[in-house]
file protein23.txt (compact mmCIF, C-alpha atoms)
# COMPACT_ATOMS: atom_id res chain seq x y z
CA MET A 221 -10.66 0.53 -14.37
CA GLY A 222 -14.33 1.37 -14.71
CA ASP A 223 -17.15 -0.19 -12.76
CA ASP A 224 -16.81 -3.71 -14.16
CA ILE A 225 -17.28 -5.98 -11.17
CA LEU A 226 -15.13 -8.78 -12.52
CA SER A 227 -12.10 -6.50 -12.85
CA TYR A 228 -12.59 -4.81 -9.47
CA ASN A 229 -10.05 -7.08 -7.80
CA GLY A 230 -8.41 -8.50 -10.91
CA GLY A 231 -6.60 -11.81 -11.13
CA VAL A 232 -6.11 -14.60 -13.60
CA ALA A 233 -5.69 -18.37 -13.73
CA LEU A 234 -4.59 -20.85 -16.38
CA ALA A 235 -4.78 -24.63 -16.68
CA MET A 236 -3.05 -26.87 -19.20
CA LYS A 237 -2.89 -30.58 -19.89
CA GLY A 238 0.13 -32.77 -20.44
CA LYS A 239 0.80 -36.50 -20.68
CA GLU A 240 -0.47 -37.95 -17.40
CA CYS A 241 0.03 -34.56 -15.78
CA VAL A 242 -1.88 -31.29 -15.49
CA ALA A 243 -0.76 -27.82 -14.50
CA ILE A 244 -2.76 -25.04 -12.93
CA ALA A 245 -1.37 -21.56 -12.32
CA CYS A 246 -2.62 -18.23 -11.00
CA ASP A 247 -1.26 -14.79 -10.25
CA LYS A 248 -0.91 -13.53 -6.68
CA ARG A 249 -2.24 -10.01 -6.81
CA TYR A 250 -4.91 -8.70 -4.47
CA GLY A 251 -5.91 -5.17 -5.36
CA VAL A 252 -8.80 -2.76 -5.37
CA GLN A 253 -9.09 -1.24 -8.83
CA ASN A 254 -5.81 0.60 -9.36
CA ARG A 255 -4.28 -0.04 -5.97
CA THR A 256 -2.34 -3.23 -5.22
CA ILE A 257 -2.81 -4.20 -1.60
CA ALA A 258 -1.13 -7.59 -1.27
CA THR A 259 0.87 -9.97 -3.42
CA ASN A 260 0.18 -13.22 -1.59
CA PHE A 261 -3.43 -13.81 -2.64
CA THR A 262 -3.39 -17.14 -4.46
CA LYS A 263 -6.55 -18.28 -6.12
CA ILE A 264 -5.96 -22.04 -6.25
CA PHE A 265 -7.53 -24.39 -3.72
CA GLN A 266 -7.05 -28.11 -3.18
CA TYR A 267 -10.03 -30.38 -2.68
CA SER A 268 -8.50 -33.82 -2.91
CA ASP A 269 -5.11 -35.41 -3.53
CA HIS A 270 -5.26 -34.68 -7.23
CA CYS A 271 -8.14 -32.19 -7.57
CA PHE A 272 -7.56 -28.44 -7.68
CA VAL A 273 -9.83 -25.51 -8.42
CA ALA A 274 -8.92 -21.93 -9.30
CA PHE A 275 -11.38 -19.08 -8.81
CA CYS A 276 -11.04 -15.66 -10.46
CA GLY A 277 -13.21 -12.60 -10.07
CA LEU A 278 -14.47 -10.69 -7.07
CA ALA A 279 -12.15 -11.54 -4.18
CA THR A 280 -14.89 -11.90 -1.59
CA ASP A 281 -16.63 -14.45 -3.78
CA VAL A 282 -13.33 -16.26 -4.44
CA GLN A 283 -13.08 -16.82 -0.69
CA THR A 284 -16.77 -17.59 -0.13
CA VAL A 285 -17.24 -20.01 -3.02
CA SER A 286 -14.02 -21.87 -2.25
CA GLU A 287 -15.07 -22.28 1.38
CA ARG A 288 -18.66 -23.30 0.54
CA LEU A 289 -17.35 -25.86 -1.94
CA LYS A 290 -14.99 -27.18 0.72
CA PHE A 291 -17.96 -27.64 3.04
CA ARG A 292 -19.79 -29.72 0.46
CA THR A 293 -16.77 -31.80 -0.50
CA ASN A 294 -15.98 -32.53 3.16
CA LEU A 295 -19.51 -33.83 3.68
CA TYR A 296 -19.25 -35.89 0.49
CA GLU A 297 -16.06 -37.58 1.70
CA LEU A 298 -17.57 -38.28 5.10
CA ARG A 299 -20.76 -39.73 3.72
CA GLU A 300 -19.27 -41.69 0.81
CA GLN A 301 -16.10 -42.70 2.65
CA ARG A 302 -14.06 -42.18 -0.49
CA LYS A 303 -12.01 -39.43 -2.10
CA LEU A 304 -13.43 -37.02 -4.64
CA LYS A 305 -12.98 -37.54 -8.34
CA PRO A 306 -12.43 -34.48 -10.58
CA VAL A 307 -15.68 -34.96 -12.50
CA VAL A 308 -17.67 -35.11 -9.27
CA LEU A 309 -15.97 -31.98 -7.97
CA TYR A 310 -16.74 -30.16 -11.21
CA ASN A 311 -20.39 -31.11 -11.06
CA MET A 312 -20.66 -30.05 -7.43
CA LEU A 313 -19.15 -26.68 -8.29
CA THR A 314 -21.40 -25.98 -11.26
CA ASN A 315 -24.40 -27.00 -9.18
CA LEU A 316 -23.32 -24.61 -6.39
CA LEU A 317 -23.00 -21.76 -8.88
CA TYR A 318 -26.29 -22.45 -10.67
CA GLU A 319 -28.16 -22.40 -7.36
CA ARG A 320 -27.48 -18.67 -7.46
CA ARG A 321 -28.53 -18.29 -11.10
CA PHE A 322 -30.44 -15.02 -10.59
CA GLY A 323 -28.15 -13.47 -8.01
CA PRO A 324 -24.84 -15.00 -8.96
CA TYR A 325 -21.42 -15.17 -7.43
CA PHE A 326 -18.90 -13.15 -9.45
CA VAL A 327 -16.28 -15.82 -9.94
CA PHE A 328 -15.22 -17.83 -12.93
CA ALA A 329 -13.69 -21.21 -12.11
CA LEU A 330 -11.18 -23.72 -13.44
CA VAL A 331 -11.21 -27.33 -12.26
CA VAL A 332 -8.23 -29.61 -12.86
CA GLY A 333 -7.68 -33.18 -11.82
CA LEU A 334 -5.85 -36.39 -12.46
CA ASP A 335 -6.81 -40.01 -11.91
CA PRO A 336 -3.74 -41.52 -10.17
CA LYS A 337 -4.51 -45.06 -11.32
CA THR A 338 -5.21 -44.50 -14.99
CA GLY A 339 -3.33 -41.24 -15.52
CA GLU A 340 -6.38 -39.67 -17.14
CA THR A 341 -6.32 -35.86 -17.07
CA TYR A 342 -9.19 -33.44 -16.57
CA VAL A 343 -9.32 -29.70 -17.25
CA TYR A 344 -12.68 -27.95 -17.10
CA ASP A 345 -13.79 -24.37 -16.87
CA SER A 346 -16.98 -22.74 -15.72
CA ASP A 347 -18.53 -19.30 -15.96
CA ASN A 348 -20.07 -17.64 -12.94
CA ILE A 349 -23.46 -19.34 -13.31
CA GLY A 350 -22.18 -22.88 -13.71
CA ALA A 351 -22.03 -23.44 -17.46
CA VAL A 352 -20.28 -26.78 -18.05
CA SER A 353 -17.47 -27.20 -20.54
CA ASP A 354 -15.87 -30.19 -22.18
CA ASN A 355 -12.65 -31.70 -20.91
CA VAL A 356 -10.29 -29.31 -22.70
CA ASN A 357 -6.53 -29.03 -23.27
CA LEU A 358 -6.24 -25.44 -22.16
CA ALA A 359 -8.44 -23.09 -20.19
CA THR A 360 -8.04 -19.62 -18.70
CA VAL A 361 -10.20 -17.33 -16.58
CA GLY A 362 -9.76 -13.82 -15.27
CA THR A 363 -9.08 -10.27 -16.43
CA ALA A 364 -6.07 -11.26 -18.57
CA SER A 365 -7.65 -14.46 -19.91
CA GLU A 366 -7.68 -13.34 -23.55
CA TYR A 367 -3.98 -12.49 -23.51
CA ILE A 368 -3.06 -15.76 -21.83
CA PHE A 369 -5.23 -17.80 -24.19
CA GLY A 370 -3.24 -16.58 -27.14
CA LEU A 371 0.08 -17.46 -25.55
CA GLY A 372 -1.26 -20.74 -24.18
CA GLU A 373 -2.36 -21.87 -27.64
CA LEU A 374 1.07 -20.97 -28.92
CA PHE A 375 3.05 -22.88 -26.29
CA PHE A 376 0.75 -25.87 -25.97
CA LYS A 377 1.84 -29.16 -27.52
CA PRO A 378 -0.01 -32.45 -27.03
CA ASN A 379 1.54 -35.01 -24.63
CA MET A 380 4.06 -32.76 -22.91
CA ASN A 381 5.97 -34.14 -19.95
CA SER A 382 5.80 -32.34 -16.61
CA ASP A 383 8.85 -30.11 -17.19
CA GLU A 384 7.69 -28.93 -20.59
CA LEU A 385 4.21 -28.41 -19.19
CA PHE A 386 5.57 -26.28 -16.35
CA GLU A 387 7.56 -24.13 -18.80
CA ALA A 388 4.63 -23.66 -21.17
CA THR A 389 2.22 -22.76 -18.36
CA SER A 390 4.54 -20.34 -16.60
CA GLN A 391 5.62 -18.55 -19.77
CA ALA A 392 2.03 -18.16 -20.95
CA LEU A 393 0.95 -16.76 -17.58
CA LEU A 394 3.90 -14.48 -16.88
CA ASN A 395 3.93 -12.88 -20.30
CA GLY A 396 0.16 -12.65 -20.58
CA VAL A 397 -0.22 -10.70 -17.33
CA ASP A 398 2.25 -8.10 -18.60
CA ARG A 399 -0.54 -6.77 -20.77
CA ASP A 400 -3.05 -6.48 -17.92
CA SER A 401 -2.78 -3.91 -15.17
CA ALA A 402 -5.12 -5.83 -12.83
CA SER A 403 -3.09 -9.07 -12.66
CA GLY A 404 0.42 -10.16 -12.00
CA TRP A 405 2.74 -9.36 -9.12
CA GLY A 406 3.99 -12.93 -8.95
CA ALA A 407 2.56 -16.33 -9.80
CA VAL A 408 2.19 -19.81 -8.39
CA VAL A 409 2.16 -22.96 -10.54
CA TYR A 410 0.96 -26.41 -9.45
CA VAL A 411 2.05 -29.39 -11.56
CA ILE A 412 0.03 -32.47 -10.70
CA GLU A 413 1.38 -35.90 -11.59
CA LYS A 414 0.35 -39.44 -10.65
CA ASP A 415 2.68 -39.68 -7.69
CA LYS A 416 3.31 -36.08 -6.69
CA VAL A 417 2.20 -32.45 -6.80
CA THR A 418 4.91 -29.83 -7.32
CA VAL A 419 4.26 -26.23 -6.31
CA ARG A 420 6.51 -23.49 -7.64
CA GLU A 421 6.30 -19.77 -6.86
CA LEU A 422 7.43 -17.44 -9.63
CA LYS A 423 8.68 -13.92 -9.01
CA GLY A 424 7.78 -12.14 -12.25
CA ARG A 425 7.42 -8.41 -12.80
CA GLN A 426 6.17 -6.50 -9.76
CA ASP A 427 4.24 -3.91 -11.72
CA MET B 170 -29.68 30.05 -17.82
CA ASP B 171 -30.77 32.16 -14.89
CA VAL B 172 -30.75 35.74 -16.11
CA LEU B 173 -30.92 37.31 -12.65
CA ASN B 174 -28.06 35.25 -11.18
CA PRO B 175 -25.73 34.28 -14.02
CA MET B 176 -23.11 32.64 -11.81
CA THR B 177 -25.44 29.76 -10.82
CA TYR B 178 -24.42 26.33 -12.05
CA ASP B 179 -26.96 25.10 -14.61
CA ALA B 180 -27.23 21.32 -14.48
CA GLU B 181 -29.40 21.02 -17.58
CA GLU B 182 -27.03 22.95 -19.74
CA ASP B 183 -24.12 20.94 -18.45
CA GLN B 184 -25.88 17.68 -19.28
CA LEU B 185 -26.86 18.96 -22.71
CA ARG B 186 -23.30 19.99 -23.40
CA ASP B 187 -22.06 16.54 -22.41
CA ARG B 188 -24.64 14.69 -24.47
CA THR B 189 -23.84 16.60 -27.64
CA LYS B 190 -20.09 16.15 -27.43
CA TYR B 191 -18.76 13.78 -30.05
CA SER B 192 -16.66 11.96 -27.51
CA GLN B 193 -19.73 11.20 -25.38
CA MET B 194 -21.93 10.04 -28.27
CA ASP B 195 -20.09 6.72 -28.46
CA LYS B 196 -21.65 5.74 -25.15
CA HIS B 197 -25.13 5.92 -26.68
CA LEU B 198 -24.36 4.57 -30.16
CA ILE B 199 -21.96 1.67 -29.64
CA PRO B 200 -22.93 -1.53 -27.81
CA VAL B 201 -21.24 -1.78 -24.46
CA GLU B 202 -19.05 -4.75 -25.46
CA PHE B 203 -17.33 -2.72 -28.19
CA GLN B 204 -16.78 0.47 -26.24
CA GLN B 205 -13.12 1.22 -25.72
CA GLN B 206 -11.87 2.85 -22.58
CA PRO B 207 -10.02 6.10 -23.25
CA VAL B 208 -6.29 5.66 -23.50
CA SER B 209 -4.65 7.20 -20.48
CA THR B 210 -1.08 7.40 -19.35
CA GLY B 211 -2.04 6.15 -15.88
CA THR B 212 1.40 7.08 -14.74
CA THR B 213 3.88 8.16 -12.22
CA ILE B 214 5.93 11.25 -13.06
CA VAL B 215 8.62 12.82 -10.90
CA ALA B 216 10.73 15.94 -11.35
CA VAL B 217 13.35 17.42 -9.04
CA GLU B 218 15.68 20.42 -9.26
CA TYR B 219 19.30 20.21 -8.23
CA ASP B 220 22.16 22.68 -8.39
CA GLY B 221 22.89 22.97 -12.10
CA GLY B 222 19.84 21.29 -13.63
CA VAL B 223 16.84 19.04 -13.20
CA ILE B 224 16.24 15.30 -13.10
CA ILE B 225 12.93 14.02 -14.44
CA GLY B 226 11.54 10.51 -14.51
CA ALA B 227 8.44 8.54 -15.45
CA ASP B 228 7.18 4.97 -15.72
CA THR B 229 6.42 3.49 -19.16
CA ARG B 230 2.85 2.17 -19.07
CA THR B 231 -0.05 3.38 -21.25
CA SER B 232 -3.33 1.63 -20.52
CA SER B 233 -6.83 1.55 -21.97
CA GLY B 234 -8.97 0.48 -19.03
CA THR B 235 -7.05 -2.52 -17.71
CA PHE B 236 -5.43 -3.40 -21.06
CA VAL B 237 -1.83 -2.30 -21.29
CA MET B 238 -1.53 -0.72 -24.73
CA ASN B 239 2.13 0.17 -24.53
CA ARG B 240 4.65 -1.29 -22.06
CA PHE B 241 7.48 1.01 -23.02
CA THR B 242 5.97 4.43 -23.61
CA ASP B 243 8.07 7.55 -23.59
CA LYS B 244 6.34 10.07 -21.36
CA LEU B 245 9.30 12.43 -21.34
CA THR B 246 8.48 14.65 -24.29
CA GLN B 247 11.05 17.14 -25.51
CA LEU B 248 9.70 20.65 -26.08
CA THR B 249 13.02 22.37 -26.84
CA ASP B 250 16.73 21.54 -26.54
CA ARG B 251 16.77 21.94 -22.78
CA ILE B 252 13.07 21.79 -21.82
CA PHE B 253 11.02 18.63 -21.36
CA CYS B 254 7.47 18.02 -20.32
CA LEU B 255 6.16 15.01 -18.41
CA ARG B 256 2.70 13.85 -19.46
CA SER B 257 -0.03 12.34 -17.30
CA GLY B 258 -3.75 11.98 -17.90
CA SER B 259 -5.35 11.40 -21.28
CA ALA B 260 -2.71 10.34 -23.80
CA ALA B 261 -4.41 12.15 -26.69
CA ASP B 262 -4.82 15.43 -24.77
CA THR B 263 -1.25 15.55 -23.52
CA GLN B 264 0.22 14.63 -26.89
CA ALA B 265 -1.81 17.38 -28.55
CA ILE B 266 -0.70 19.95 -25.97
CA ALA B 267 2.95 18.95 -26.30
CA GLN B 268 2.77 19.22 -30.09
CA VAL B 269 1.21 22.67 -30.04
CA VAL B 270 3.59 23.99 -27.38
CA THR B 271 6.62 22.63 -29.26
CA TYR B 272 5.53 24.63 -32.28
CA GLN B 273 4.86 27.76 -30.22
CA LEU B 274 8.30 27.59 -28.58
CA ASP B 275 10.02 26.94 -31.88
CA PHE B 276 8.39 30.05 -33.30
CA LEU B 277 9.22 32.03 -30.19
CA SER B 278 12.89 31.04 -30.26
CA ALA B 279 13.08 32.23 -33.89
CA GLU B 280 11.50 35.56 -32.92
CA MET B 281 13.71 36.15 -29.86
CA ASN B 282 16.83 34.56 -31.36
CA GLU B 283 17.56 32.69 -28.14
CA PRO B 284 16.30 29.54 -26.47
CA PRO B 285 13.00 30.06 -24.64
CA LEU B 286 12.92 30.17 -20.84
CA VAL B 287 11.48 27.23 -18.91
CA ARG B 288 8.86 29.47 -17.37
CA ILE B 289 7.66 30.52 -20.82
CA ALA B 290 7.29 26.90 -21.87
CA ALA B 291 5.39 26.11 -18.70
CA ASN B 292 3.13 29.08 -19.28
CA CYS B 293 2.31 27.90 -22.81
CA VAL B 294 1.31 24.53 -21.41
CA ARG B 295 -0.65 26.11 -18.60
CA ARG B 296 -2.48 28.41 -20.98
CA MET B 297 -3.70 25.50 -23.12
CA ILE B 298 -4.83 23.47 -20.12
CA TYR B 299 -6.66 26.46 -18.62
CA GLN B 300 -8.33 27.44 -21.88
CA TYR B 301 -9.72 23.96 -22.41
CA ARG B 302 -10.04 23.08 -18.76
CA ASP B 303 -13.55 21.61 -19.16
CA ASP B 304 -12.48 19.32 -21.97
CA PHE B 305 -8.89 18.28 -21.30
CA LEU B 306 -7.74 15.73 -18.79
CA ALA B 307 -4.07 16.67 -18.66
CA GLY B 308 -1.71 17.00 -15.72
CA MET B 309 1.75 18.00 -16.88
CA ILE B 310 5.10 18.88 -15.41
CA VAL B 311 7.44 21.14 -17.37
CA ALA B 312 11.10 20.97 -16.38
CA GLY B 313 14.37 22.11 -17.90
CA TRP B 314 17.37 24.36 -17.77
CA ASP B 315 17.84 27.90 -19.02
CA LYS B 316 20.59 30.48 -18.73
CA LYS B 317 18.61 32.89 -16.60
CA LEU B 318 17.45 30.76 -13.65
CA GLY B 319 19.20 27.41 -14.15
CA GLY B 320 17.25 24.23 -13.44
CA GLN B 321 13.52 24.74 -12.85
CA VAL B 322 10.49 22.51 -12.33
CA TYR B 323 6.98 23.82 -12.94
CA SER B 324 3.81 21.93 -12.18
CA CYS B 325 0.75 22.40 -14.46
CA PRO B 326 -1.99 20.22 -12.99
CA LEU B 327 -5.58 19.64 -14.11
CA GLY B 328 -7.41 22.96 -13.82
CA GLY B 329 -4.70 25.16 -15.30
CA LEU B 330 -2.49 26.13 -12.36
CA LEU B 331 1.14 27.10 -12.80
CA VAL B 332 3.47 26.85 -9.86
CA ARG B 333 7.21 26.42 -9.57
CA GLN B 334 8.31 23.76 -7.09
CA PRO B 335 11.74 22.34 -6.20
CA VAL B 336 10.30 18.85 -6.42
CA THR B 337 6.97 17.61 -7.65
CA LEU B 338 5.05 14.44 -8.50
CA GLY B 339 2.19 13.74 -10.86
CA GLY B 340 -0.08 11.03 -12.18
CA SER B 341 -2.14 8.34 -10.51
CA GLY B 342 0.93 6.62 -9.04
CA SER B 343 2.08 9.75 -7.31
CA THR B 344 -0.46 9.27 -4.51
CA TYR B 345 1.59 6.32 -3.27
CA ILE B 346 4.85 8.23 -3.02
CA TRP B 347 4.01 11.60 -1.50
CA GLY B 348 4.95 10.13 1.87
CA TYR B 349 8.20 8.83 0.42
CA LEU B 350 8.91 12.32 -0.91
CA ASP B 351 8.14 14.00 2.40
CA ASN B 352 10.43 11.60 4.18
CA ASN B 353 13.33 11.42 1.75
CA TYR B 354 13.60 14.70 -0.11
CA ARG B 355 16.10 17.24 1.20
CA PRO B 356 17.01 20.53 -0.49
CA ASN B 357 20.47 20.80 -2.09
CA MET B 358 20.95 17.14 -2.93
CA THR B 359 23.70 16.14 -5.34
CA GLN B 360 22.94 14.89 -8.84
CA GLN B 361 23.45 11.25 -7.83
CA GLU B 362 21.20 11.60 -4.77
CA CYS B 363 18.46 13.17 -6.88
CA TYR B 364 18.78 10.38 -9.45
CA ASP B 365 18.43 7.71 -6.75
CA PHE B 366 15.50 9.57 -5.23
CA VAL B 367 13.65 9.75 -8.57
CA LEU B 368 14.35 6.12 -9.49
CA LYS B 369 13.31 4.76 -6.10
CA GLY B 370 10.13 6.84 -6.14
CA ILE B 371 9.09 5.56 -9.54
CA THR B 372 9.85 1.97 -8.53
CA LEU B 373 7.75 2.26 -5.37
CA ALA B 374 4.83 3.71 -7.31
CA ILE B 375 5.09 1.05 -10.05
CA THR B 376 4.88 -1.65 -7.39
CA ARG B 377 1.64 -0.31 -5.90
CA ASP B 378 -0.22 1.44 -8.72
CA GLY B 379 -1.95 -0.71 -11.34
CA SER B 380 -1.89 2.10 -13.89
CA SER B 381 1.89 2.51 -13.63
CA GLY B 382 4.35 -0.10 -14.69
CA GLY B 383 7.03 -1.25 -17.10
CA CYS B 384 10.41 0.39 -16.76
CA ALA B 385 11.66 3.78 -15.60
CA ARG B 386 12.79 6.44 -18.04
CA ILE B 387 14.94 9.19 -16.54
CA ALA B 388 16.49 12.29 -18.05
CA ILE B 389 19.13 14.58 -16.58
CA ILE B 390 18.96 18.11 -18.04
CA ASN B 391 21.67 20.65 -17.40
CA LYS B 392 23.67 23.27 -19.28
CA ASP B 393 25.71 20.60 -21.04
CA GLY B 394 22.71 18.87 -22.54
CA VAL B 395 20.26 16.07 -21.91
CA GLU B 396 21.29 12.61 -20.73
CA ARG B 397 18.58 9.96 -21.09
CA ILE B 398 18.67 6.77 -19.08
CA ASP B 399 16.26 3.84 -19.43
CA VAL B 400 16.25 1.58 -16.39
CA LEU B 401 14.74 -1.75 -17.41
CA GLY B 402 12.63 -3.94 -15.12
CA ASN B 403 15.42 -6.13 -13.75
CA ASP B 404 17.61 -3.16 -12.91
CA LEU B 405 15.03 -1.28 -10.86
CA PRO B 406 16.06 -0.97 -7.18
CA LYS B 407 14.78 -3.67 -4.84
CA VAL B 408 11.87 -2.67 -2.65
CA PHE B 409 10.15 -4.60 0.14
CA ASP B 410 8.50 -7.73 -1.20
CA LEU B 411 4.81 -7.44 -0.32
call {"tool": "encode", "arguments": {"input": "protein23.txt", "output": "structure tokens"}}
result
Amino acid sequence: MGDDILSYNGGVALAMKGKECVAIACDKRYGVQNRTIATNFTKIFQYSDHCFVAFCGLATDVQTVSERLKFRTNLYELREQRKLKPVVLYNMLTNLLYERRFGPYFVFALVVGLDPKTGETYVYDSDNIGAVSDNVNLATVGTASEYIFGLGELFFKPNMNSDELFEATSQALLNGVDRDSASGWGAVVYVIEKDKVTVRELKGRQD
Amino acid sequence: MDVLNPMTYDAEEDQLRDRTKYSQMDKHLIPVEFQQQPVSTGTTIVAVEYDGGVIIGADTRTSSGTFVMNRFTDKLTQLTDRIFCLRSGSAADTQAIAQVVTYQLDFLSAEMNEPPLVRIAANCVRRMIYQYRDDFLAGMIVAGWDKKLGGQVYSCPLGGLLVRQPVTLGGSGSTYIWGYLDNNYRPNMTQQECYDFVLKGITLAITRDGSSGGCARIAIINKDGVERIDVLGNDLPKVFDL
């Protein structure tokens, strides 16, 4: 696998938009270069009722950044006495990452969210030093991101309902990770709608 | 070179030799983003003798770094009618060796007017690996059936060793299943028991090793011929869900 730090642990995540729903999915592998150690390492974390973030890259930084972000969002909710919005969460995350501009964390992030009143959807991605992106239809991060991007673009249609969105996201992820030896071993997909969040675990190829 | 003590390792000469190799020049000429990782059959390969023949098996993944170049490779390469080799290591090196040895055995069988012995095939492979031991990255297993000694398995690992073994493993995935072999292999197993042993071993290695994956290809070689079985992903035996 070489000495590339971002493929040391491997992993991948994908986010896609639908009509008043968003989906975010990740694989479940935790490995050290060639060796797979566990298949229950999900990379998606919840920060509010309808705000989720996925981190991909070095596993230690996945854990550290997600916990440090949780610390900041907890304080925000205590001080402001209101729930986080996706845009606020995204800005907090990019700020956290840019603080370490010259000694960065090795994680790339995806932020997804939904406004339950208006149904507006948000999908953003960020590199490991906090570069901001636009609100996009489709975003992927991780070692298999190029393979999943291709499939995601193929399966994406504008204004999908939640079932179609789930199918498109899971097929793009499951088939994309087949071409990467550092990701896979199962997947988990979150579909976020105005009134509910559905979590589904996919079995997939265990190789 | 130290004239007085010629057996001393000379670091400068070694570095010079590396730097002037064509395969190493890419590292200095091509920007890092465009450098390709060598294509390797990461691999798990298994071979076991039973009374009357041999059963050989391998996974089907070829990778270049982390990119999976081929999900359904055939690592069971036929050298003669009843002799196969299993390839692990650099894909280019092992394919070249298999090609040359196939030719050598074809020529030999014309000279001797009978099929070559498995040991001869294994020796041809071993000779190539030993001769180019500083350049090749090839770990191969040669297995087959001949009239003289029946089913035989020979291991030809990296440096150019040749050793006959009743059962052997190879490739990066093999590290995960040596314990399984020690626990589950018994001498004088039946053909079906050997088949199950090989298939389970490959499945266990595929589950743990990133460089092994895909499906399992198995071949049963005996005096009646070669039976090839491809066990696709869904049909692999169930192992503990991590």
call {"tool": "closest_residue", "arguments": {"input": "protein23.txt", "among": "B:Leu245, B:Ile310, B:Ile390, B:Val201", "to": "chain A", "atoms": "all atoms listed in the file"}}
result
B:Val201
call {"tool": "interface_residues", "arguments": {"input": "protein23.txt", "of": "chain A", "to": "chain B", "cutoff": "9 Å", "atoms": "only C-alpha atoms", "output": "PDB file with C-alpha atoms, in the coordinates of the input"}}
result
ATOM      1  CA  MET A 221     -10.660   0.530 -14.370  1.00  0.00           C
ATOM      2  CA  GLY A 222     -14.330   1.370 -14.710  1.00  0.00           C
ATOM      3  CA  SER A 227     -12.100  -6.500 -12.850  1.00  0.00           C
ATOM      4  CA  GLY A 251      -5.910  -5.170  -5.360  1.00  0.00           C
ATOM      5  CA  GLN A 253      -9.090  -1.240  -8.830  1.00  0.00           C
ATOM      6  CA  ASN A 254      -5.810   0.600  -9.360  1.00  0.00           C
ATOM      7  CA  ARG A 255      -4.280  -0.040  -5.970  1.00  0.00           C
ATOM      8  CA  THR A 256      -2.340  -3.230  -5.220  1.00  0.00           C
ATOM      9  CA  ILE A 257      -2.810  -4.200  -1.600  1.00  0.00           C
ATOM     10  CA  ALA A 258      -1.130  -7.590  -1.270  1.00  0.00           C
ATOM     11  CA  THR A 259       0.870  -9.970  -3.420  1.00  0.00           C
ATOM     12  CA  ASN A 260       0.180 -13.220  -1.590  1.00  0.00           C
ATOM     13  CA  THR A 363      -9.080 -10.270 -16.430  1.00  0.00           C
ATOM     14  CA  ALA A 364      -6.070 -11.260 -18.570  1.00  0.00           C
ATOM     15  CA  ASP A 398       2.250  -8.100 -18.600  1.00  0.00           C
ATOM     16  CA  ARG A 399      -0.540  -6.770 -20.770  1.00  0.00           C
ATOM     17  CA  ASP A 400      -3.050  -6.480 -17.920  1.00  0.00           C
ATOM     18  CA  SER A 401      -2.780  -3.910 -15.170  1.00  0.00           C
ATOM     19  CA  ALA A 402      -5.120  -5.830 -12.830  1.00  0.00           C
ATOM     20  CA  SER A 403      -3.090  -9.070 -12.660  1.00  0.00           C
ATOM     21  CA  TRP A 405       2.740  -9.360  -9.120  1.00  0.00           C
ATOM     22  CA  ARG A 425       7.420  -8.410 -12.800  1.00  0.00           C
ATOM     23  CA  GLN A 426       6.170  -6.500  -9.760  1.00  0.00           C
ATOM     24  CA  ASP A 427       4.240  -3.910 -11.720  1.00  0.00           C
TER      25      ASP A 427
END
call {"tool": "residues_around", "arguments": {"input": "protein23.txt", "residues": "Gly333 (chain A)", "least_positions_apart": "3", "cutoff": "6 Å", "atoms": "all atoms listed in the file", "output": "JSON, numbers by chain"}}
result
{"A": [270, 271, 306, 342]}
call {"tool": "closest_residue", "arguments": {"input": "protein23.txt", "among": "A:Pro336, A:Gly396, A:Gly424, A:Pro378", "to": "Glu366 (chain A)", "atoms": "only C-alpha atoms"}}
result
A:Gly396
call {"tool": "closest_residue", "arguments": {"input": "protein23.txt", "among": "B:Asp303, B:Leu331, B:Val294, B:Gln361", "to": "Ile389 (chain B)", "atoms": "only C-alpha atoms"}}
result
B:Gln361
call {"tool": "atom_distance", "arguments": {"input": "protein23.txt", "atom1": "CA of Leu338 (chain B)", "atom2": "CA of Arg355 (chain B)"}}
result
15.0 Å
call {"tool": "atom_distance", "arguments": {"input": "protein23.txt", "atom1": "CA of Asp393 (chain B)", "atom2": "CA of Val322 (chain B)"}}
result
17.6 Å
call {"tool": "closest_residue", "arguments": {"input": "protein23.txt", "among": "B:Ala216, B:Ala279, B:Glu202, B:Val311", "to": "Leu350 (chain B)", "atoms": "all atoms listed in the file"}}
result
B:Ala216
call {"tool": "residues_around", "arguments": {"input": "protein23.txt", "residues": "Val417 (chain A)", "least_positions_apart": "3", "cutoff": "10 Å", "atoms": "only C-alpha atoms", "output": "list in words"}}
result
Cys241, Val242, Ala243, Asp269, His270, Tyr410, Val411, Ile412, Glu413, Lys414 and Arg420 of chain A
call {"tool": "write_last_selection", "arguments": {"input": "protein23.txt", "atoms": "C-alpha atoms", "output": "short mmCIF file (atom, residue, chain, number, x, y, z; two decimals), keeping the file's coordinate frame"}}
result
data_model
loop_
_atom_site.label_atom_id
_atom_site.label_comp_id
_atom_site.auth_asym_id
_atom_site.auth_seq_id
_atom_site.Cartn_x
_atom_site.Cartn_y
_atom_site.Cartn_z
CA CYS A 241 0.03 -34.56 -15.78
CA VAL A 242 -1.88 -31.29 -15.49
CA ALA A 243 -0.76 -27.82 -14.50
CA ASP A 269 -5.11 -35.41 -3.53
CA HIS A 270 -5.26 -34.68 -7.23
CA TYR A 410 0.96 -26.41 -9.45
CA VAL A 411 2.05 -29.39 -11.56
CA ILE A 412 0.03 -32.47 -10.70
CA GLU A 413 1.38 -35.90 -11.59
CA LYS A 414 0.35 -39.44 -10.65
CA ARG A 420 6.51 -23.49 -7.64
#
call {"tool": "closest_residue", "arguments": {"input": "protein23.txt", "among": "A:Thr293, A:Asn381, A:Gln283, A:Thr360", "to": "Leu393 (chain A)", "atoms": "all atoms listed in the file"}}
result
A:Thr360
